[in-house]
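In what follows, a structure is listed as structure tokens, so that the remarks can point back to it.
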Amino acid sequence: MASHLRLLTGSPMMLRVQTQESDGALICRLEGRFTGTGAEEVRTLVTYCDSKLELVVDLTEVMFIDAIGEEVLLFVKKLGAQFVAETSYSRDVCERLQLPLVGTPNPNAHVSCDSEGNGYRPT
């Protein structure tokens, strides 16, 4: 089990990203503001992760998501990710964007896309 922590601070807004491999899954926990450059860096991170791992994105500690962050979440959904949302804000985002929550059927599982959403994910 590996765990990595990144603080993305390209602007006054901060995003904390923690990744952990556990039981065949890559868990990506986001904390703070999921916006702009930080959101794009998360897109790059998940694009190059091991495609054999199930992808789980925990949005529980996210305080705000801008339009770029929403685009990235929709991209990650195309990769087959499931989401954890334990706050009213994160649940609202998942409902509005129709993001599958952990424990619910995911019809998009194992669909591959590149960072532009064009059907490729390296193995």
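In the structure tokens, chains take letters A, B, ... by order of appearance, with residues numbered from 1 within each chain and ligands from 1 in the order shown.
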### Message
So that I can see what lies close to region 64-76 of chain A, please list as a PyMOL selection string the residues with an atom at most 8 Å from it, counting only C-alpha atoms and leaving out residues fewer than 5 positions away in the same chain.
### Response
chain A and resi 32-36+39-40+42-43+46+81+97+99+113+115+117
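Between CA of Arg91 (chain A) and CA of Arg16 (chain A) the separation is 19.2 Å.
Of the listed residues (A:Leu59, A:Cys28, A:Leu15, A:Leu101), A:Cys28 comes nearest to Leu45 (chain A); the distances count only C-alpha atoms.
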### Task
Figure out the distance between CA of Leu26 (chain A) and CA of Pro100 (chain A), please, to one decimal in Å.
15.9 Å
### Query
Looking at only C-alpha atoms, which of A:Met63, A:Leu30, A:Ala25, A:Val17 is the one that sits closest to Cys49 (chain A)?
A:Ala25
### Query
Which residues come within 10 Å of Ser90 (chain A), counting only C-alpha atoms, excluding same-chain residues fewer than 3 positions away, as a list in words?
Asp58, Leu59, Thr60, Glu61, Val62, Met63, Phe64, Ile65, Phe83, Val84, Ala85, Glu86, Thr87, Val93, Cys94, Glu95 and Arg96 of chain A
### Message
For a test of reading the model, state the distance in Å between CA of Gly24 (chain A) and CA of Glu41 (chain A), rounded to one decimal.
### Response
22.8 Å
